[in-house]
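Q: So here's query_16.txt, just compact mmCIF, C-alpha atoms:
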```txt
# COMPACT_ATOMS: atom_id res chain seq x y z
CA MET A 1 110.34 102.01 108.03
CA VAL A 2 107.67 101.68 110.70
CA HIS A 3 104.22 100.96 109.30
CA LEU A 4 101.39 102.21 111.48
CA ARG A 5 97.97 100.58 111.71
CA ALA A 6 95.22 102.28 109.73
CA GLU A 7 93.11 102.51 112.91
CA LEU A 8 95.62 104.99 114.33
CA PHE A 9 94.63 107.49 111.64
CA GLN A 10 90.93 107.14 112.43
CA ASP A 11 91.44 109.52 115.36
CA LEU A 12 92.15 112.24 112.80
CA ASN A 13 88.43 112.59 112.16
CA GLY A 14 88.07 116.36 112.18
CA THR A 15 87.23 116.69 115.88
CA VAL A 16 89.23 118.21 118.72
CA GLU A 17 88.75 115.04 120.77
CA GLY A 18 90.11 112.95 117.92
CA LEU A 19 93.14 115.24 117.69
CA ARG A 20 93.69 114.85 121.44
CA CYS A 21 93.69 111.05 121.03
CA ALA A 22 96.15 111.35 118.15
CA MET A 23 98.49 113.52 120.23
CA GLN A 24 98.38 110.97 123.08
CA ASN A 25 99.33 108.29 120.55
CA ALA A 26 102.20 110.50 119.37
CA ILE A 27 103.43 110.90 122.97
CA GLU A 28 103.36 107.12 123.41
CA LEU A 29 105.22 106.61 120.13
CA GLU A 30 108.01 109.00 121.08
CA HIS A 31 108.38 107.46 124.53
CA ALA A 32 108.41 103.89 123.20
CA THR A 33 111.70 104.47 121.37
CA ILE A 34 113.52 105.70 124.47
CA PRO A 35 113.92 102.44 126.49
CA PRO A 36 115.40 100.48 123.52
CA TYR A 37 117.79 103.32 122.72
CA LEU A 38 118.77 103.66 126.38
CA TYR A 39 119.25 99.91 126.76
CA ALA A 40 121.72 99.88 123.87
CA LEU A 41 123.42 103.00 125.23
CA TYR A 42 123.74 101.60 128.76
CA SER A 43 125.21 98.36 127.39
CA ILE A 44 128.27 100.22 126.11
CA LYS A 45 130.99 99.93 128.75
CA PRO A 46 132.10 103.20 130.35
CA GLY A 47 134.89 104.75 128.30
CA ALA A 48 134.39 102.45 125.30
CA ASN A 49 132.90 103.32 121.89
CA ALA A 50 132.63 106.93 123.02
CA GLU A 51 131.52 108.46 119.71
CA ILE A 52 128.79 105.86 119.22
CA ALA A 53 127.58 106.44 122.78
CA GLY A 54 127.53 110.18 122.14
CA LEU A 55 125.47 109.81 118.97
CA ILE A 56 122.89 107.57 120.67
CA LYS A 57 122.68 109.90 123.67
CA SER A 58 122.06 112.89 121.39
CA ILE A 59 119.17 111.03 119.76
CA VAL A 60 117.67 110.04 123.14
CA VAL A 61 117.76 113.67 124.30
CA GLU A 62 115.91 114.76 121.17
CA GLU A 63 113.32 111.98 121.58
CA MET A 64 112.65 113.40 125.04
CA LEU A 65 112.28 116.84 123.48
CA HIS A 66 109.81 115.41 120.95
CA MET A 67 107.77 113.87 123.74
CA ALA A 68 107.76 117.22 125.56
CA LEU A 69 106.63 119.07 122.43
CA ASP A 70 103.79 116.58 121.92
CA CYS A 71 102.73 117.06 125.55
CA ASN A 72 102.80 120.84 125.09
CA ILE A 73 100.58 120.56 122.01
CA LEU A 74 98.12 118.30 123.85
CA ASN A 75 98.00 120.69 126.81
CA ALA A 76 97.52 123.63 124.44
CA ILE A 77 94.34 122.05 123.02
CA ARG A 78 93.08 121.36 126.55
CA GLY A 79 94.00 117.71 126.64
CA THR A 80 95.76 115.84 129.43
CA PRO A 81 98.89 113.77 128.74
CA LYS A 82 98.53 110.30 130.26
CA ILE A 83 102.00 109.13 131.30
CA ASP A 84 101.65 107.68 134.80
CA ASP A 85 99.81 104.55 133.66
CA PRO A 86 100.86 100.89 133.28
CA ASN A 87 99.42 100.89 129.76
CA PHE A 88 101.70 103.76 128.77
CA VAL A 89 104.74 101.47 128.95
CA PRO A 90 105.18 99.22 125.90
CA LYS A 91 105.80 95.50 126.17
CA TYR A 92 109.23 94.54 124.90
CA PRO A 93 109.65 92.73 122.58
CA GLY A 94 106.70 93.94 120.56
CA PRO A 95 105.54 96.53 118.03
CA LEU A 96 105.69 100.22 118.68
CA PRO A 97 102.39 101.69 119.90
CA GLY A 98 100.13 101.75 116.86
CA GLY A 99 102.60 99.75 114.78
CA VAL A 100 101.69 96.82 112.55
CA GLU A 101 102.71 93.80 114.62
CA SER A 102 104.15 91.81 111.71
CA GLU A 103 106.34 94.67 110.46
CA LEU A 104 108.82 95.43 113.24
CA THR A 105 109.45 93.90 116.63
CA VAL A 106 111.22 96.28 118.98
CA GLY A 107 113.07 94.80 121.93
CA LEU A 108 115.62 95.56 124.60
CA ALA A 109 119.00 94.44 123.29
CA PRO A 110 122.67 95.27 123.82
CA PHE A 111 124.28 97.54 121.27
CA SER A 112 125.26 96.00 117.97
CA LYS A 113 125.39 97.24 114.42
CA GLN A 114 122.61 94.81 113.52
CA VAL A 115 120.32 96.33 116.15
CA VAL A 116 121.09 99.74 114.67
CA LYS A 117 120.31 98.60 111.12
CA ASN A 118 117.39 96.25 111.72
CA THR A 119 115.59 98.19 114.47
CA PHE A 120 116.77 101.74 115.09
CA MET A 121 117.14 102.79 111.45
CA VAL A 122 113.79 101.16 110.65
CA ILE A 123 112.11 103.18 113.41
CA GLU A 124 113.56 106.45 112.16
CA GLU A 125 113.39 105.78 108.41
CA PRO A 126 111.52 108.46 106.47
CA GLU A 127 108.99 107.67 103.78
CA ASP A 128 111.58 108.38 101.09
CA PRO A 129 115.07 108.14 102.63
CA LEU A 130 117.91 109.89 100.91
CA HIS A 131 120.61 107.45 99.82
CA PHE A 132 124.26 108.42 99.99
CA PRO A 133 127.35 106.44 99.00
CA VAL A 134 129.72 104.98 101.53
CA LEU A 135 133.02 106.10 100.09
CA LYS A 136 135.00 103.21 101.51
CA LEU A 137 132.48 100.68 100.04
CA ALA A 138 130.79 100.01 96.74
CA GLU A 139 127.43 101.35 96.45
CA GLY A 140 103.47 98.37 96.46
CA GLU A 141 101.13 99.96 98.72
CA LYS A 142 102.13 103.29 100.11
CA PRO A 143 103.12 102.75 103.75
CA THR A 144 101.71 104.69 106.65
CA THR A 145 104.75 105.99 108.51
CA ILE A 146 105.34 108.03 111.64
CA GLY A 147 106.11 111.03 109.42
CA GLN A 148 102.79 110.59 107.61
CA PHE A 149 101.01 110.32 110.97
CA TYR A 150 102.45 113.69 111.98
CA ALA A 151 101.49 115.08 108.55
CA GLY A 152 97.92 114.01 109.28
CA ILE A 153 98.06 115.78 112.65
CA ILE A 154 99.24 118.98 110.96
CA ASP A 155 96.36 118.73 108.49
CA GLN A 156 93.84 118.37 111.33
CA ILE A 157 95.31 121.28 113.28
CA GLN A 158 95.09 123.51 110.20
CA LYS A 159 91.48 122.53 109.57
CA LEU A 160 90.40 123.01 113.20
CA GLY A 161 92.13 126.38 113.45
CA ASP A 162 93.34 128.62 116.26
CA GLY A 163 90.09 128.25 118.20
CA ILE A 164 91.10 124.85 119.61
CA PHE A 165 94.05 126.33 121.53
CA THR A 166 92.28 127.03 124.80
CA GLY A 167 94.59 125.19 127.19
CA ASP A 168 96.25 126.74 130.23
CA PRO A 169 99.55 128.36 129.12
CA LYS A 170 100.99 127.59 132.57
CA LYS A 171 101.04 123.90 131.63
CA GLN A 172 103.55 124.55 128.83
CA LEU A 173 107.02 123.24 129.61
CA THR A 174 109.42 126.00 128.57
CA THR A 175 112.70 124.82 130.13
CA GLY A 176 114.98 121.82 129.92
CA PHE A 177 115.46 121.90 126.14
CA GLY A 178 116.56 124.85 124.02
CA PRO A 179 113.66 124.75 121.51
CA LEU A 180 111.10 124.86 124.33
CA GLN A 181 112.28 128.37 125.14
CA THR A 182 111.25 129.64 121.70
CA ILE A 183 108.42 127.32 120.63
CA HIS A 184 105.48 128.21 122.88
CA VAL A 185 102.50 126.25 121.57
CA HIS A 186 99.43 128.49 121.58
CA ASP A 187 98.11 128.52 118.01
CA VAL A 188 98.20 126.71 114.66
CA LYS A 189 101.52 128.25 113.60
CA SER A 190 103.42 127.33 116.78
CA ALA A 191 101.97 123.80 116.91
CA ILE A 192 103.01 123.14 113.31
CA GLU A 193 106.47 124.56 114.06
CA ALA A 194 106.79 122.04 116.92
CA ILE A 195 105.70 119.11 114.78
CA LYS A 196 107.97 120.06 111.89
CA LEU A 197 110.92 120.13 114.30
CA ILE A 198 110.02 116.64 115.56
CA VAL A 199 109.87 115.23 112.02
CA ALA A 200 112.99 117.04 110.78
CA GLN A 201 115.09 115.87 113.74
CA GLY A 202 113.95 112.29 113.24
CA GLU A 203 113.86 111.95 109.47
CA GLY A 204 115.49 115.02 107.93
CA THR A 205 113.64 116.51 104.96
CA THR A 206 112.88 115.26 101.48
CA THR A 207 115.88 117.19 100.17
CA SER A 208 118.41 117.14 103.03
CA PRO A 209 119.61 114.68 105.70
CA LEU A 210 120.21 117.57 108.09
CA ASP A 211 117.90 118.80 110.83
CA PRO A 212 117.25 122.49 111.60
CA GLU A 213 120.41 122.58 113.75
CA HIS A 214 122.41 121.32 110.72
CA ASP A 215 123.12 117.97 112.36
CA PRO A 216 122.23 114.70 110.63
CA ALA A 217 118.68 113.62 111.47
CA HIS A 218 118.28 110.51 113.63
CA TYR A 219 118.03 108.11 110.70
CA TYR A 220 121.32 109.37 109.27
CA ARG A 221 123.05 109.47 112.66
CA PHE A 222 122.23 105.79 113.09
CA ALA A 223 123.48 105.23 109.55
CA GLU A 224 126.80 106.84 110.53
CA ILE A 225 127.08 104.28 113.31
CA TYR A 226 126.16 101.38 111.03
CA TYR A 227 128.46 102.36 108.16
CA GLY A 228 131.24 103.46 110.49
CA LYS A 229 131.72 106.79 108.73
CA LYS A 230 130.54 110.33 109.41
CA LEU A 231 128.18 111.91 106.89
CA ILE A 232 129.95 114.78 105.12
CA PRO A 233 129.47 116.92 102.01
CA ASN A 234 130.37 114.70 99.08
CA PRO A 235 133.71 115.77 97.57
CA ALA A 236 132.45 114.58 94.15
CA PRO A 237 128.70 115.26 94.00
CA PRO A 238 126.05 114.23 93.19
CA PRO A 239 124.70 113.26 95.63
CA ASP A 240 125.47 116.16 97.94
CA PHE A 241 126.50 113.99 100.91
CA ALA A 242 128.42 110.79 101.49
CA TYR A 243 129.45 108.60 104.38
CA GLY A 244 133.08 109.54 103.93
CA GLY A 245 134.17 111.46 107.03
CA HIS A 246 136.25 110.18 109.90
CA ASN A 247 135.72 106.62 111.07
CA VAL A 248 133.07 105.99 113.74
CA SER A 249 134.92 103.07 115.25
CA PHE A 250 133.23 100.18 117.02
CA ASP A 251 134.92 97.77 119.44
CA PRO A 252 132.64 94.80 120.20
CA ALA A 253 134.63 94.14 123.38
CA GLY A 254 133.36 97.49 124.66
CA VAL A 255 129.80 96.18 125.02
CA TRP A 256 128.54 94.20 128.01
CA PRO A 257 127.14 90.72 127.17
CA VAL A 258 123.72 91.83 128.37
CA ILE A 259 120.58 89.70 128.41
CA THR A 260 118.10 90.44 125.61
CA ASN A 261 114.49 91.32 126.44
CA PRO A 262 114.58 90.82 130.22
CA ASN A 263 111.48 90.90 132.41
CA ARG A 264 110.78 90.52 136.11
CA THR A 265 110.92 86.73 135.92
CA SER A 266 114.32 86.69 134.20
CA TYR A 267 116.08 86.84 137.56
CA PRO A 268 115.55 84.44 140.51
CA ASP A 269 113.78 85.69 143.64
CA GLY A 270 116.24 87.13 146.14
CA SER A 271 119.08 87.39 143.62
CA LYS A 272 121.18 90.51 143.29
CA ALA A 273 119.98 90.98 139.71
CA ARG A 274 116.32 90.70 140.77
CA ASN A 275 116.79 93.30 143.50
CA LEU A 276 118.65 95.63 141.15
CA ASN A 277 115.94 95.28 138.52
CA GLU A 278 113.16 96.01 141.01
CA THR A 279 115.03 99.12 142.15
CA PHE A 280 115.47 100.26 138.56
CA ASN A 281 111.80 99.72 137.72
CA TYR A 282 110.80 101.62 140.86
CA THR A 283 112.96 104.55 139.71
CA TYR A 284 111.61 104.33 136.14
CA THR A 285 108.03 104.38 137.42
CA SER A 286 108.86 107.32 139.69
CA LEU A 287 110.18 109.11 136.60
CA LEU A 288 106.88 108.55 134.78
CA LYS A 289 105.00 109.90 137.81
CA SER A 290 107.27 112.95 137.93
CA MET A 291 106.74 113.56 134.20
CA GLN A 292 102.98 113.30 134.71
CA LEU A 293 103.22 116.10 137.26
CA THR A 294 105.59 118.11 135.03
CA PHE A 295 103.12 118.15 132.15
CA GLY A 296 100.13 118.42 134.47
CA GLY A 297 100.83 121.99 135.48
CA GLN A 298 103.90 121.60 137.72
CA PRO A 299 106.84 122.35 135.38
CA ASP A 300 109.13 122.74 138.41
CA ARG A 301 108.99 118.93 138.67
CA LEU A 302 111.35 118.74 135.68
CA GLY A 303 114.37 119.00 138.00
CA PRO A 304 113.44 115.92 140.04
CA ALA A 305 112.65 114.08 136.79
CA ILE A 306 116.16 114.78 135.47
CA GLY A 307 117.58 113.53 138.78
CA LEU A 308 115.61 110.30 138.42
CA MET A 309 116.99 109.83 134.92
CA GLU A 310 120.52 110.11 136.24
CA SER A 311 119.67 107.55 138.93
CA MET A 312 118.32 105.21 136.25
CA LYS A 313 121.58 105.47 134.35
CA GLU A 314 123.69 104.65 137.39
CA GLN A 315 121.44 101.74 138.35
CA ALA A 316 121.51 100.35 134.81
CA LEU A 317 125.31 100.54 134.66
CA VAL A 318 125.56 98.54 137.88
CA MET A 319 123.12 95.96 136.51
CA MET A 320 124.94 95.55 133.23
CA ALA A 321 128.20 94.84 135.02
CA THR A 322 126.50 92.16 137.14
CA GLU A 323 126.96 88.64 135.79
CA THR A 324 123.91 86.38 136.09
CA VAL A 325 125.29 83.29 134.36
CA PRO A 326 128.75 82.80 132.86
CA GLY A 327 129.08 85.06 129.85
CA GLN A 328 125.91 87.06 130.45
CA THR A 329 125.08 90.14 132.50
CA ALA A 330 121.80 91.60 133.73
CA GLY A 331 119.78 94.42 132.22
CA PRO A 332 116.80 96.50 133.36
CA SER A 333 113.37 95.47 132.11
CA PHE A 334 111.71 98.92 131.94
CA GLU A 335 108.46 97.73 133.55
CA TYR A 336 105.87 99.80 135.36
CA THR A 337 105.95 99.13 139.10
CA PRO A 338 103.26 100.65 141.34
CA VAL A 339 105.37 102.83 143.64
CA ASN A 340 103.04 102.62 146.67
CA GLU A 341 102.98 98.81 146.78
```
Could you write out this structure as structure tokens?
A:
Amino acid sequence: MVHLRAELFQDLNGTVEGLRCAMQNAIELEHATIPPYLYALYSIKPGANAEIAGLIKSIVVEEMLHMALDCNILNAIRGTPKIDDPNFVPKYPGPLPGGVESELTVGLAPFSKQVVKNTFMVIEEPEDPLHFPVLKLAEGEKPTTIGQFYAGIIDQIQKLGDGIFTGDPKKQLTTGFGPLQTIHVHDVKSAIEAIKLIVAQGEGTTTSPLDPEHDPAHYYRFAEIYYGKKLIPNPAPPPDFAYGGHNVSFDPAGVWPVITNPNRTSYPDGSKARNLNETFNYTYTSLLKSMQLTFGGQPDRLGPAIGLMESMKEQALVMMATETVPGQTAGPSFEYTPVNE
């Protein structure tokens, strides 16, 4: 599981400004998972490993929803999400924002089951994960986790009360994701509903691996990929579930041999890969700018943002099919690039 630095919890100091800082940290945490998940997703060759690609894509979409919900909460308490900023983008490889540096290093890597187990499942692991058998196989100090961080935010919201929700309702994003149409953050109850959805979709609950939509939470979806079996009701409980459904097959040949942890200097000046990477980073930065406008009171900018995401996908797919040296292809570095330079 991800261990967060104790300093991150110091923002939860009983003040509205502290809560605003905590919500900005939550936005940065949710965003920081998206480039690594996308990098692994993009590395899967078109038409190959389709079920795995679908599972990862479903998780990415929900991470974007979580980021939107966090932005809505911050706007509702009259804060301002800070997205269009070089410091908003994490450095890969490195810890997640607020993470203990020695605990988990998150990088940009092609899809593999080891990346799923050693990075993605660690990111999404709840404080007390539920353990289920894999039917085809044989069976200290309390950590500060992302789930606990959100629990601390809920506690602060409850203590500060409805009076902190003085933000402009017009800044609420209410389209693009189904839950945004019903969860309009304007008081303690609706803010807690939003946070509980974020946690349940990522970690499940203490008693069930399923999220409110009755799908496995992110941790258990990644486990399905790693174990190669769908999570189903256990035909011989207890426990109530088991990795015993249809096979989630993985063909290693269906993954591009992509460079790990690229940056701007990974590709020579003037090379095709360098030009492709600069174009991708320009598009990625434009997406961050569009999201800044979307959550800054211009929700109609969501359409252009979605268009930029599609462009990023197409650009990444071209990159990952571009050989740089024998046996290795290029990959986007997800770096902030000042658009006006």
Q: Report the closest atom pair, with its distance in Å rounded to one decimal, for each residue of segment 59-160 of chain A that has an atom no farther than 8 Å from segment 173-188 of chain A; count only C-alpha atoms, sort by chain and then rising residue number, and write it as a tab-separated table.
A:
```
residue	atom	partner	partner_atom	distance
A:Leu65	CA	A:Phe177	CA	6.5
A:Ala68	CA	A:Leu173	CA	7.3
A:Leu69	CA	A:Leu180	CA	7.6
A:Asn72	CA	A:Val185	CA	6.5
A:Ile73	CA	A:Val185	CA	6.0
A:Ala76	CA	A:His186	CA	6.0
A:Ile157	CA	A:Val188	CA	6.3
A:Gln158	CA	A:Val188	CA	6.3
```
Q: Atom CA of Phe295 of chain A and atom CA of Ile56 of chain A, how far apart in Å?
A: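 One can read the atom CA of Ile56 of chain A to atom CA of Phe295 of chain A distance as 25.2 Å.
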Q: Using all atoms listed in the file for the distances, tell me which of A:Asn49, A:Thr207, A:Gln201, A:Ser271 is nearest to Thr322 of chain A.
A: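 Under the stated criterion, the closest residue is A:Ser271.
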Q: Taking all atoms listed in the file into account, which of A:Leu135, A:Ala22, A:Leu197, A:Leu130 comes nearest Gly244 of chain A?
A: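 Nearest candidate to Gly244 of chain A out of A:Leu135, A:Ala22, A:Leu197, A:Leu130: A:Leu135.
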Q: Using all atoms listed in the file for the distances, tell me which of A:Phe250, A:Tyr336, A:Tyr243, A:Phe149 is nearest to Pro90 of chain A.
A: A:Tyr336
Q: As an exercise, work out the distance from atom CA of Ile259 of chain A to atom CA of Val318 of chain A in Å and give it to one decimal place.
A: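 Value for the atom CA of Ile259 of chain A-atom CA of Val318 of chain A distance: 13.9 Å.
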Q: For the point (125.1, 108.7, 114.8) in the file's frame, write as a PyMOL selection string all residues with an atom no more than 9 Å away, counting all atoms listed in the file.
A: chain A and resi 51-56+58-59+216-226+230+248
Q: Report, in Å with one decimal, the straight-line distance from atom CA of Lys159 of chain A to atom CA of Thr33 of chain A.
A: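 These two atoms are separated by 29.6 Å.
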Q: Name the residues, using the chain letters and numbers of the file, that sit within 12 Å of (119.1, 87.7, 141.5) when counting all atoms listed in the file, and give them as number ranges by chain.
A: A: 264-278, 319, 322-325, 329-331
Q: Name the closest residue to Ala26 of chain A among the candidates A:Lys45, A:Val122, A:Ile198, A:Glu7; distances are taken between atoms, counting all atoms listed in the file.
A: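 Of all the options, A:Ile198 lies closest to Ala26 of chain A.
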Q: Given only C-alpha atoms as the basis, pick out the residue of A:Pro86, A:Pro36, A:Pro338, A:Pro237 nearest to Thr105 of chain A.
A: A:Pro36
Q: Choose the residue, out of A:Ser112, A:Glu62, A:Pro235, A:Ile27, that has the smallest atom-to-atom separation from Glu213 of chain A; count only C-alpha atoms.
A: A:Glu62
Q: Tell me, counting all atoms listed in the file, for each residue of segment 15-99 of chain A within 12 Å of segment 281-284 of chain A, which pair of atoms is nearest and how far apart they are in Å to one decimal, in rows ordered by chain and increasing number, as a tab-separated table.
A:
```
residue	atom	partner	partner_atom	distance
A:Ile34	CA	A:Tyr284	CA	11.9
A:Pro35	CA	A:Tyr284	CA	10.1
A:Ile83	CA	A:Tyr284	CA	11.8
A:Asp84	CA	A:Tyr284	CA	10.6
A:Pro86	CA	A:Tyr284	CA	11.6
A:Val89	CA	A:Tyr284	CA	10.3
```
Q: Would you list the contacts of Leu38 of chain A as a list in words, taking every protein, DNA or RNA residue within 9 Å and counting all atoms listed in the file, but skipping same-chain residues closer than 6 positions in sequence?
A: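 Counting only the stated atoms, we get Ile56, Lys57, Val60, Leu108 and Lys313 of chain A.
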Q: Using all atoms listed in the file, which residues sit within 12 Å of Leu4 of chain A once same-chain residues fewer than 2 positions away are excluded, as a ChimeraX atom specification?
A: /A:1-2,6-10,25-26,29,95-104,123,142-150
Q: Can you save segment 269-281 of chain A of the given block to a file, including N, CA, C and O atoms and formatted as a short mmCIF file (atom, residue, chain, number, x, y, z; two decimals), in the first residue's frame?
A:
```cif
data_model
loop_
_atom_site.label_atom_id
_atom_site.label_comp_id
_atom_site.auth_asym_id
_atom_site.auth_seq_id
_atom_site.Cartn_x
_atom_site.Cartn_y
_atom_site.Cartn_z
N ASP A 269 18.19 15.04 -30.51
CA ASP A 269 17.63 16.22 -31.17
C ASP A 269 17.38 15.93 -32.65
O ASP A 269 18.22 15.33 -33.33
N GLY A 270 16.21 16.35 -33.13
CA GLY A 270 15.90 16.19 -34.54
C GLY A 270 15.38 14.83 -34.93
O GLY A 270 14.97 14.63 -36.08
N SER A 271 15.39 13.86 -33.99
CA SER A 271 14.91 12.52 -34.31
C SER A 271 13.39 12.49 -34.37
O SER A 271 12.70 13.36 -33.79
N LYS A 272 12.86 11.50 -35.06
CA LYS A 272 11.40 11.35 -35.13
C LYS A 272 10.81 11.19 -33.74
O LYS A 272 9.79 11.80 -33.41
N ALA A 273 11.46 10.37 -32.90
CA ALA A 273 10.95 10.13 -31.55
C ALA A 273 10.93 11.42 -30.73
O ALA A 273 9.99 11.67 -29.97
N ARG A 274 11.98 12.25 -30.88
CA ARG A 274 12.04 13.51 -30.13
C ARG A 274 10.89 14.42 -30.56
O ARG A 274 10.22 15.03 -29.72
N ASN A 275 10.65 14.52 -31.85
CA ASN A 275 9.58 15.37 -32.36
C ASN A 275 8.21 14.86 -31.91
O ASN A 275 7.33 15.65 -31.53
N LEU A 276 8.03 13.54 -31.95
CA LEU A 276 6.77 12.96 -31.51
C LEU A 276 6.55 13.23 -30.02
O LEU A 276 5.43 13.54 -29.58
N ASN A 277 7.61 13.10 -29.24
CA ASN A 277 7.49 13.32 -27.80
C ASN A 277 7.16 14.78 -27.48
O ASN A 277 6.35 15.07 -26.60
N GLU A 278 7.79 15.70 -28.19
CA GLU A 278 7.50 17.12 -27.97
C GLU A 278 6.05 17.44 -28.32
O GLU A 278 5.39 18.21 -27.63
N THR A 279 5.56 16.81 -29.41
CA THR A 279 4.16 17.03 -29.79
C THR A 279 3.22 16.48 -28.72
O THR A 279 2.22 17.12 -28.35
N PHE A 280 3.54 15.29 -28.21
CA PHE A 280 2.71 14.69 -27.17
C PHE A 280 2.70 15.58 -25.92
O PHE A 280 1.63 15.85 -25.35
N ASN A 281 3.86 16.02 -25.49
CA ASN A 281 3.93 16.84 -24.28
C ASN A 281 3.20 18.18 -24.46
O ASN A 281 2.62 18.72 -23.51
#
```
